[in-house]
Amino acid sequence: MEDVKHTGRIAHDNYFTSFSLAKNLLVSDLFSMGNVRPQRKDLPPMLKANDKLQRGESVFLTKEGVAAIKWMDKKAFTLLTTAHNPAIMTSVKWRKKDGTKTEVPCPKSVAIYNDIMRGVDRFDHRKERYQIGRRSVKWWHRIFYFLIDLCNVNSFILWQVNKRNRSLDQLTFRLELARQLIDGYSSRKRKGHPASFQVKKCAFPDDVRLPSVGNHMPKLVSNYR
(Lines give C-alpha, C1' and ligand atoms only; values in the text may rest on other atoms or scores of the structure.)
Protein backbone atom coordinates (compact mmCIF):
# COMPACT_ATOMS: atom_id res chain seq x y z
CA MET A 1 0.00 0.00 0.00
CA GLU A 2 3.02 2.32 0.02
CA ASP A 3 2.31 3.50 -3.54
CA VAL A 4 -1.14 4.88 -2.67
CA LYS A 5 -0.28 6.90 0.41
CA HIS A 6 -1.88 10.36 0.62
CA THR A 7 -4.04 9.69 -2.46
CA GLY A 8 -7.37 9.32 -0.65
CA ARG A 9 -8.40 6.65 -3.14
CA ILE A 10 -8.59 3.57 -0.89
CA ALA A 11 -12.20 2.37 -0.82
CA HIS A 12 -13.81 -0.78 0.58
CA ASP A 13 -17.35 -2.04 1.09
CA ASN A 14 -19.25 -2.67 4.31
CA TYR A 15 -17.90 -6.21 4.73
CA PHE A 16 -14.49 -4.76 5.66
CA THR A 17 -15.23 -1.26 6.96
CA SER A 18 -14.82 -0.67 10.70
CA PHE A 19 -13.61 2.09 12.99
CA SER A 20 -10.47 0.14 13.93
CA LEU A 21 -9.56 -0.44 10.25
CA ALA A 22 -10.00 3.24 9.37
CA LYS A 23 -7.96 4.33 12.39
CA ASN A 24 -5.11 1.86 11.76
CA LEU A 25 -4.88 2.87 8.10
CA LEU A 26 -4.78 6.52 9.12
CA VAL A 27 -1.90 5.86 11.53
CA SER A 28 -0.02 4.36 8.57
CA ASP A 29 -0.72 7.52 6.51
CA LEU A 30 -3.29 5.72 4.38
CA PHE A 31 -6.56 7.58 3.86
CA SER A 32 -9.63 5.43 3.33
CA MET A 33 -13.39 5.46 2.98
CA GLY A 34 -16.07 2.81 3.05
CA ASN A 35 -19.74 2.12 3.46
CA VAL A 36 -20.23 0.79 6.99
CA ARG A 37 -22.83 -1.33 8.77
CA PRO A 38 -24.34 0.83 11.55
CA GLN A 39 -24.25 -2.00 14.11
CA ARG A 40 -20.46 -2.37 13.92
CA LYS A 41 -18.41 -1.89 17.08
CA ASP A 42 -17.22 1.58 18.24
CA LEU A 43 -19.64 3.49 15.98
CA PRO A 44 -21.84 6.38 17.21
CA PRO A 45 -25.53 5.62 17.86
CA MET A 46 -26.34 8.36 15.37
CA LEU A 47 -25.71 5.97 12.46
CA LYS A 48 -28.44 3.51 13.44
CA ALA A 49 -30.87 6.01 14.99
CA ASN A 50 -34.21 6.29 13.22
CA ASP A 51 -33.81 9.95 12.31
CA LYS A 52 -36.46 11.54 10.12
CA LEU A 53 -34.00 12.99 7.64
CA GLN A 54 -35.28 14.35 4.36
CA ARG A 55 -33.76 13.33 1.06
CA GLY A 56 -30.38 15.03 0.67
CA GLU A 57 -29.93 15.79 4.38
CA SER A 58 -26.92 14.46 6.27
CA VAL A 59 -25.35 14.39 9.72
CA PHE A 60 -21.83 13.48 10.84
CA LEU A 61 -19.59 13.00 13.86
CA THR A 62 -15.80 12.72 14.08
CA LYS A 63 -13.52 10.83 16.44
CA GLU A 64 -9.73 10.54 16.32
CA GLY A 65 -9.61 11.62 12.69
CA VAL A 66 -12.36 9.25 11.56
CA ALA A 67 -15.64 10.79 10.32
CA ALA A 68 -18.93 8.90 10.50
CA ILE A 69 -21.47 10.24 7.99
CA LYS A 70 -25.15 9.45 7.57
CA TRP A 71 -26.77 10.69 4.37
CA MET A 72 -30.38 10.18 3.34
CA ASP A 73 -30.96 9.04 -0.22
CA LYS A 74 -33.88 6.70 -0.89
CA LYS A 75 -32.69 5.15 2.36
CA ALA A 76 -29.97 6.00 4.85
CA PHE A 77 -26.41 5.62 3.58
CA THR A 78 -23.66 5.36 6.23
CA LEU A 79 -19.98 5.97 5.58
CA LEU A 80 -16.68 6.07 7.47
CA THR A 81 -13.94 8.24 5.97
CA THR A 82 -10.54 9.63 6.83
CA ALA A 83 -9.95 11.02 3.35
CA HIS A 84 -12.27 14.03 3.16
CA ASN A 85 -13.81 16.75 5.27
CA PRO A 86 -17.36 15.55 6.12
CA ALA A 87 -18.66 19.14 6.15
CA ILE A 88 -17.88 19.74 2.44
CA MET A 89 -21.03 19.30 0.36
CA THR A 90 -21.67 18.78 -3.33
CA SER A 91 -24.68 17.57 -5.32
CA VAL A 92 -25.65 14.47 -7.27
CA LYS A 93 -28.27 14.01 -9.96
CA TRP A 94 -31.32 11.91 -9.19
CA ARG A 95 -33.86 10.74 -11.75
CA LYS A 96 -37.54 11.15 -10.83
CA LYS A 97 -40.31 8.74 -11.76
CA ASP A 98 -41.38 10.96 -14.66
CA GLY A 99 -37.86 10.79 -16.13
CA THR A 100 -36.77 14.30 -15.21
CA LYS A 101 -33.54 14.87 -13.28
CA THR A 102 -32.99 16.96 -10.19
CA GLU A 103 -29.94 17.73 -8.07
CA VAL A 104 -29.80 16.44 -4.49
CA PRO A 105 -27.30 17.74 -1.86
CA CYS A 106 -24.69 15.14 -0.95
CA PRO A 107 -21.48 15.08 1.15
CA LYS A 108 -18.48 15.17 -1.15
CA SER A 109 -16.98 12.06 0.46
CA VAL A 110 -20.13 10.06 -0.33
CA ALA A 111 -20.11 11.22 -3.97
CA ILE A 112 -16.43 10.29 -4.38
CA TYR A 113 -16.97 6.89 -2.76
CA ASN A 114 -19.87 6.10 -5.12
CA ASP A 115 -17.75 7.16 -8.09
CA ILE A 116 -14.89 4.86 -7.03
CA MET A 117 -17.10 1.86 -6.29
CA ARG A 118 -19.15 2.14 -9.47
CA GLY A 119 -17.01 -0.46 -11.24
CA VAL A 120 -17.52 -2.96 -8.43
CA ASP A 121 -21.28 -2.41 -8.52
CA ARG A 122 -21.35 -3.02 -12.27
CA PHE A 123 -19.48 -6.29 -11.84
CA ASP A 124 -21.91 -7.48 -9.15
CA HIS A 125 -24.86 -6.53 -11.34
CA ARG A 126 -23.52 -8.47 -14.32
CA LYS A 127 -22.54 -11.46 -12.18
CA GLU A 128 -25.90 -11.79 -10.44
CA ARG A 129 -27.82 -12.02 -13.71
CA TYR A 130 -26.34 -15.38 -14.69
CA GLN A 131 -24.29 -16.53 -11.71
CA ILE A 132 -23.69 -20.28 -11.45
CA GLY A 133 -23.26 -20.51 -7.67
CA ARG A 134 -24.84 -23.46 -5.89
CA ARG A 135 -25.22 -24.34 -2.22
CA SER A 136 -22.60 -26.69 -0.86
CA VAL A 137 -21.26 -27.89 2.49
CA LYS A 138 -17.74 -27.34 1.18
CA TRP A 139 -16.68 -23.73 1.69
CA TRP A 140 -14.24 -23.66 -1.23
CA HIS A 141 -17.03 -24.39 -3.71
CA ARG A 142 -18.31 -20.84 -3.28
CA ILE A 143 -14.87 -19.41 -4.11
CA PHE A 144 -14.63 -21.71 -7.13
CA TYR A 145 -18.04 -20.62 -8.46
CA PHE A 146 -17.15 -16.96 -7.87
CA LEU A 147 -13.93 -17.31 -9.89
CA ILE A 148 -15.86 -18.86 -12.79
CA ASP A 149 -18.39 -15.99 -12.67
CA LEU A 150 -15.48 -13.55 -12.57
CA CYS A 151 -13.92 -15.11 -15.68
CA ASN A 152 -17.27 -15.05 -17.50
CA VAL A 153 -17.91 -11.36 -16.78
CA ASN A 154 -14.36 -10.31 -17.69
CA SER A 155 -14.54 -12.36 -20.89
CA PHE A 156 -17.85 -10.71 -21.74
CA ILE A 157 -16.29 -7.24 -21.39
CA LEU A 158 -13.34 -8.24 -23.59
CA TRP A 159 -15.78 -9.71 -26.13
CA GLN A 160 -17.62 -6.37 -26.28
CA VAL A 161 -14.34 -4.54 -26.80
CA ASN A 162 -13.27 -6.96 -29.53
CA LYS A 163 -16.62 -6.59 -31.31
CA ARG A 164 -16.47 -2.81 -30.78
CA ASN A 165 -20.11 -2.86 -29.78
CA ARG A 166 -21.08 -2.11 -26.17
CA SER A 167 -24.74 -2.82 -26.90
CA LEU A 168 -24.15 -6.58 -27.25
CA ASP A 169 -25.90 -8.34 -24.37
CA GLN A 170 -24.48 -10.89 -21.97
CA LEU A 171 -26.99 -13.61 -22.85
CA THR A 172 -25.79 -13.67 -26.48
CA PHE A 173 -22.20 -13.97 -25.27
CA ARG A 174 -22.98 -16.81 -22.85
CA LEU A 175 -24.86 -18.77 -25.52
CA GLU A 176 -21.88 -18.45 -27.86
CA LEU A 177 -19.55 -19.44 -25.02
CA ALA A 178 -21.66 -22.51 -24.19
CA ARG A 179 -21.73 -23.60 -27.84
CA GLN A 180 -17.96 -23.34 -28.12
CA LEU A 181 -17.27 -25.14 -24.84
CA ILE A 182 -19.76 -27.98 -25.40
CA ASP A 183 -19.31 -28.38 -29.15
CA GLY A 184 -21.20 -31.68 -29.29
CA TYR A 185 -19.17 -33.25 -26.47
CA SER A 186 -20.81 -35.73 -24.13
CA SER A 187 -19.19 -38.00 -21.54
CA ARG A 188 -21.73 -40.74 -22.21
CA LYS A 189 -24.16 -41.64 -24.91
CA ARG A 190 -27.62 -40.23 -24.40
CA LYS A 191 -30.86 -41.29 -25.96
CA GLY A 192 -33.01 -38.84 -27.81
CA HIS A 193 -32.27 -35.87 -29.99
CA PRO A 194 -29.30 -33.59 -29.20
CA ALA A 195 -29.77 -30.02 -28.06
CA SER A 196 -30.61 -27.55 -30.81
CA PHE A 197 -27.27 -25.76 -30.59
CA GLN A 198 -25.37 -29.06 -30.83
CA VAL A 199 -26.82 -29.97 -34.21
CA LYS A 200 -24.15 -29.29 -36.82
CA LYS A 201 -26.14 -30.15 -39.95
CA CYS A 202 -28.16 -26.92 -39.72
CA ALA A 203 -26.29 -24.31 -41.74
CA PHE A 204 -28.73 -21.47 -41.09
CA PRO A 205 -27.66 -18.78 -38.59
CA ASP A 206 -29.77 -18.15 -35.50
CA ASP A 207 -31.14 -14.82 -36.68
CA VAL A 208 -32.70 -16.62 -39.65
CA ARG A 209 -33.64 -19.92 -38.07
CA LEU A 210 -35.03 -18.92 -34.67
CA PRO A 211 -37.84 -16.57 -35.81
CA SER A 212 -39.56 -19.52 -37.52
CA VAL A 213 -39.54 -21.75 -34.43
CA GLY A 214 -42.94 -23.41 -34.02
CA ASN A 215 -43.95 -23.19 -37.69
CA HIS A 216 -43.44 -26.87 -38.36
CA MET A 217 -46.71 -27.43 -40.27
CA PRO A 218 -46.76 -25.34 -43.45
CA LYS A 219 -50.14 -24.44 -44.85
CA LEU A 220 -51.04 -26.60 -47.83
CA VAL A 221 -53.41 -25.43 -50.53
CA SER A 222 -55.93 -28.15 -51.23
CA ASN A 223 -56.89 -28.95 -54.83
CA TYR A 224 -60.16 -30.53 -53.77
CA ARG A 225 -63.43 -28.61 -53.67
# chains A, B, ... in the order shown; residues from 1 in each chain; ligands from 1
>>> residues_around(residues="segment 76-89 of chain A", least_positions_apart="4", cutoff="6 Å", atoms="only C-alpha atoms", output="VMD selection string")
chain A and resid 8 31 to 36 66 to 72 106 to 109
>>> select_by_dssp(residues="segment 7-223 of chain A", states="strand (DSSP E)", output="short mmCIF file (atom, residue, chain, number, x, y, z; two decimals) with N, CA and C atoms, in the first residue's frame")
data_model
loop_
_atom_site.label_atom_id
_atom_site.label_comp_id
_atom_site.auth_asym_id
_atom_site.auth_seq_id
_atom_site.Cartn_x
_atom_site.Cartn_y
_atom_site.Cartn_z
N ILE A 10 -8.38 4.93 -1.40
CA ILE A 10 -8.59 3.57 -0.89
C ILE A 10 -10.06 3.45 -0.48
N ALA A 11 -10.78 2.55 -1.11
CA ALA A 11 -12.20 2.37 -0.82
C ALA A 11 -12.50 0.89 -0.61
N HIS A 12 -13.41 0.60 0.30
CA HIS A 12 -13.81 -0.78 0.58
C HIS A 12 -15.28 -0.80 0.95
N SER A 32 -8.68 6.42 3.83
CA SER A 32 -9.63 5.43 3.33
C SER A 32 -11.05 5.91 3.50
N MET A 33 -11.97 5.20 2.86
CA MET A 33 -13.39 5.46 2.98
C MET A 33 -14.14 4.17 2.70
N GLY A 34 -15.30 4.03 3.29
CA GLY A 34 -16.07 2.81 3.05
C GLY A 34 -17.45 2.86 3.65
N ASN A 35 -18.39 2.31 2.94
CA ASN A 35 -19.74 2.12 3.46
C ASN A 35 -19.66 1.19 4.67
N SER A 58 -27.97 15.31 5.72
CA SER A 58 -26.92 14.46 6.27
C SER A 58 -26.49 14.97 7.63
N VAL A 59 -25.93 14.07 8.43
CA VAL A 59 -25.35 14.39 9.72
C VAL A 59 -24.02 13.65 9.83
N PHE A 60 -23.12 14.14 10.69
CA PHE A 60 -21.83 13.48 10.84
C PHE A 60 -21.25 13.75 12.21
N LEU A 61 -20.36 12.85 12.64
CA LEU A 61 -19.59 13.00 13.86
C LEU A 61 -18.16 12.55 13.56
N THR A 62 -17.20 13.10 14.27
CA THR A 62 -15.80 12.72 14.08
C THR A 62 -15.18 12.26 15.39
N LYS A 63 -14.24 11.34 15.28
CA LYS A 63 -13.52 10.83 16.44
C LYS A 63 -12.15 10.35 16.00
N VAL A 66 -11.45 10.06 12.35
CA VAL A 66 -12.36 9.25 11.56
C VAL A 66 -13.75 9.91 11.60
N ALA A 67 -14.32 10.15 10.42
CA ALA A 67 -15.64 10.79 10.32
C ALA A 67 -16.69 9.74 9.99
N ALA A 68 -17.78 9.77 10.77
CA ALA A 68 -18.93 8.90 10.50
C ALA A 68 -20.04 9.78 9.92
N ILE A 69 -20.48 9.44 8.71
CA ILE A 69 -21.47 10.24 7.99
C ILE A 69 -22.72 9.41 7.73
N LYS A 70 -23.87 10.06 7.91
CA LYS A 70 -25.15 9.45 7.57
C LYS A 70 -25.87 10.37 6.61
N TRP A 71 -26.13 9.89 5.42
CA TRP A 71 -26.77 10.69 4.37
C TRP A 71 -28.03 9.99 3.91
N MET A 72 -29.10 10.75 3.72
CA MET A 72 -30.38 10.18 3.34
C MET A 72 -30.57 10.28 1.84
N ALA A 76 -31.16 5.45 4.21
CA ALA A 76 -29.97 6.00 4.85
C ALA A 76 -28.71 5.31 4.33
N PHE A 77 -27.71 6.12 4.03
CA PHE A 77 -26.41 5.62 3.58
C PHE A 77 -25.37 6.04 4.61
N THR A 78 -24.63 5.08 5.17
CA THR A 78 -23.66 5.36 6.23
C THR A 78 -22.25 5.11 5.73
N LEU A 79 -21.33 6.00 6.12
CA LEU A 79 -19.98 5.97 5.58
C LEU A 79 -18.98 6.35 6.66
N LEU A 80 -17.83 5.68 6.67
CA LEU A 80 -16.68 6.07 7.47
C LEU A 80 -15.59 6.57 6.52
N THR A 81 -14.98 7.70 6.85
CA THR A 81 -13.94 8.24 5.97
C THR A 81 -12.87 8.96 6.78
N MET A 89 -19.86 19.83 1.06
CA MET A 89 -21.03 19.30 0.36
C MET A 89 -20.88 19.50 -1.15
N THR A 90 -21.55 18.66 -1.89
CA THR A 90 -21.67 18.78 -3.33
C THR A 90 -23.10 18.37 -3.70
N SER A 91 -23.35 18.01 -4.92
CA SER A 91 -24.68 17.57 -5.32
C SER A 91 -24.57 16.42 -6.31
N VAL A 92 -25.58 15.58 -6.32
CA VAL A 92 -25.65 14.47 -7.27
C VAL A 92 -26.99 14.53 -7.98
N LYS A 93 -27.03 13.99 -9.19
CA LYS A 93 -28.27 14.01 -9.96
C LYS A 93 -29.10 12.77 -9.64
N TRP A 94 -30.39 13.00 -9.50
CA TRP A 94 -31.32 11.91 -9.19
C TRP A 94 -32.46 11.96 -10.19
N ARG A 95 -32.80 10.81 -10.75
CA ARG A 95 -33.86 10.74 -11.75
C ARG A 95 -35.21 10.48 -11.07
N LYS A 101 -34.65 14.95 -14.22
CA LYS A 101 -33.54 14.87 -13.28
C LYS A 101 -33.53 16.08 -12.37
N THR A 102 -33.13 15.88 -11.14
CA THR A 102 -32.99 16.96 -10.19
C THR A 102 -31.70 16.75 -9.39
N GLU A 103 -31.17 17.82 -8.85
CA GLU A 103 -29.94 17.73 -8.07
C GLU A 103 -30.27 17.62 -6.59
N VAL A 104 -29.57 16.70 -5.92
CA VAL A 104 -29.80 16.44 -4.49
C VAL A 104 -28.50 16.73 -3.75
N PRO A 105 -28.53 17.49 -2.63
CA PRO A 105 -27.30 17.74 -1.86
C PRO A 105 -26.71 16.42 -1.36
N CYS A 106 -25.38 16.37 -1.34
CA CYS A 106 -24.69 15.14 -0.95
C CYS A 106 -23.31 15.50 -0.40
N PRO A 107 -22.86 14.87 0.70
CA PRO A 107 -21.48 15.08 1.15
C PRO A 107 -20.49 14.66 0.07
#
>>> atom_distance(atom1="atom CA of Asn152 of chain A", atom2="atom CA of Leu181 of chain A")
12.5 Å
>>> atom_distance(atom1="atom CA of Phe123 of chain A", atom2="atom CA of Asn154 of chain A")
8.7 Å
>>> residues_around(residues="Val120 of chain A", least_positions_apart="5", cutoff="12 Å", atoms="only C-alpha atoms", output="PDB file with N, CA and C atoms, in the first residue's frame")
ATOM      1  N   ALA A  11     -10.780   2.545  -1.111  1.00  0.00           N
ATOM      2  CA  ALA A  11     -12.200   2.370  -0.819  1.00  0.00           C
ATOM      3  C   ALA A  11     -12.498   0.892  -0.611  1.00  0.00           C
ATOM      4  N   HIS A  12     -13.413   0.599   0.296  1.00  0.00           N
ATOM      5  CA  HIS A  12     -13.810  -0.778   0.577  1.00  0.00           C
ATOM      6  C   HIS A  12     -15.284  -0.800   0.951  1.00  0.00           C
ATOM      7  N   ASP A  13     -15.918  -1.951   0.811  1.00  0.00           N
ATOM      8  CA  ASP A  13     -17.354  -2.036   1.086  1.00  0.00           C
ATOM      9  C   ASP A  13     -17.600  -2.381   2.550  1.00  0.00           C
ATOM     10  N   TYR A 113     -16.921   8.332  -3.027  1.00  0.00           N
ATOM     11  CA  TYR A 113     -16.971   6.892  -2.758  1.00  0.00           C
ATOM     12  C   TYR A 113     -17.822   6.174  -3.807  1.00  0.00           C
ATOM     13  N   ASN A 114     -18.994   6.723  -4.124  1.00  0.00           N
ATOM     14  CA  ASN A 114     -19.870   6.101  -5.125  1.00  0.00           C
ATOM     15  C   ASN A 114     -19.203   6.081  -6.496  1.00  0.00           C
ATOM     16  N   ASP A 115     -18.441   7.111  -6.805  1.00  0.00           N
ATOM     17  CA  ASP A 115     -17.747   7.160  -8.091  1.00  0.00           C
ATOM     18  C   ASP A 115     -16.660   6.092  -8.158  1.00  0.00           C
ATOM     19  N   HIS A 125     -23.607  -6.516 -10.581  1.00  0.00           N
ATOM     20  CA  HIS A 125     -24.857  -6.533 -11.337  1.00  0.00           C
ATOM     21  C   HIS A 125     -24.778  -7.538 -12.482  1.00  0.00           C
ATOM     22  N   ARG A 126     -23.677  -7.539 -13.214  1.00  0.00           N
ATOM     23  CA  ARG A 126     -23.523  -8.474 -14.320  1.00  0.00           C
ATOM     24  C   ARG A 126     -23.409  -9.902 -13.833  1.00  0.00           C
ATOM     25  N   LYS A 127     -22.729 -10.104 -12.717  1.00  0.00           N
ATOM     26  CA  LYS A 127     -22.541 -11.456 -12.182  1.00  0.00           C
ATOM     27  C   LYS A 127     -23.850 -12.058 -11.706  1.00  0.00           C
ATOM     28  N   LEU A 150     -16.411 -14.640 -12.299  1.00  0.00           N
ATOM     29  CA  LEU A 150     -15.476 -13.548 -12.572  1.00  0.00           C
ATOM     30  C   LEU A 150     -14.880 -13.679 -13.976  1.00  0.00           C
ATOM     31  N   VAL A 153     -17.624 -12.794 -16.647  1.00  0.00           N
ATOM     32  CA  VAL A 153     -17.907 -11.360 -16.783  1.00  0.00           C
ATOM     33  C   VAL A 153     -16.754 -10.641 -17.466  1.00  0.00           C
TER      34      VAL A 153
END
>>> closest_residue(among="A:Glu176, A:Glu2, A:Asp42, A:Asp149", to="Asp29 of chain A", atoms="only C-alpha atoms")
A:Glu2
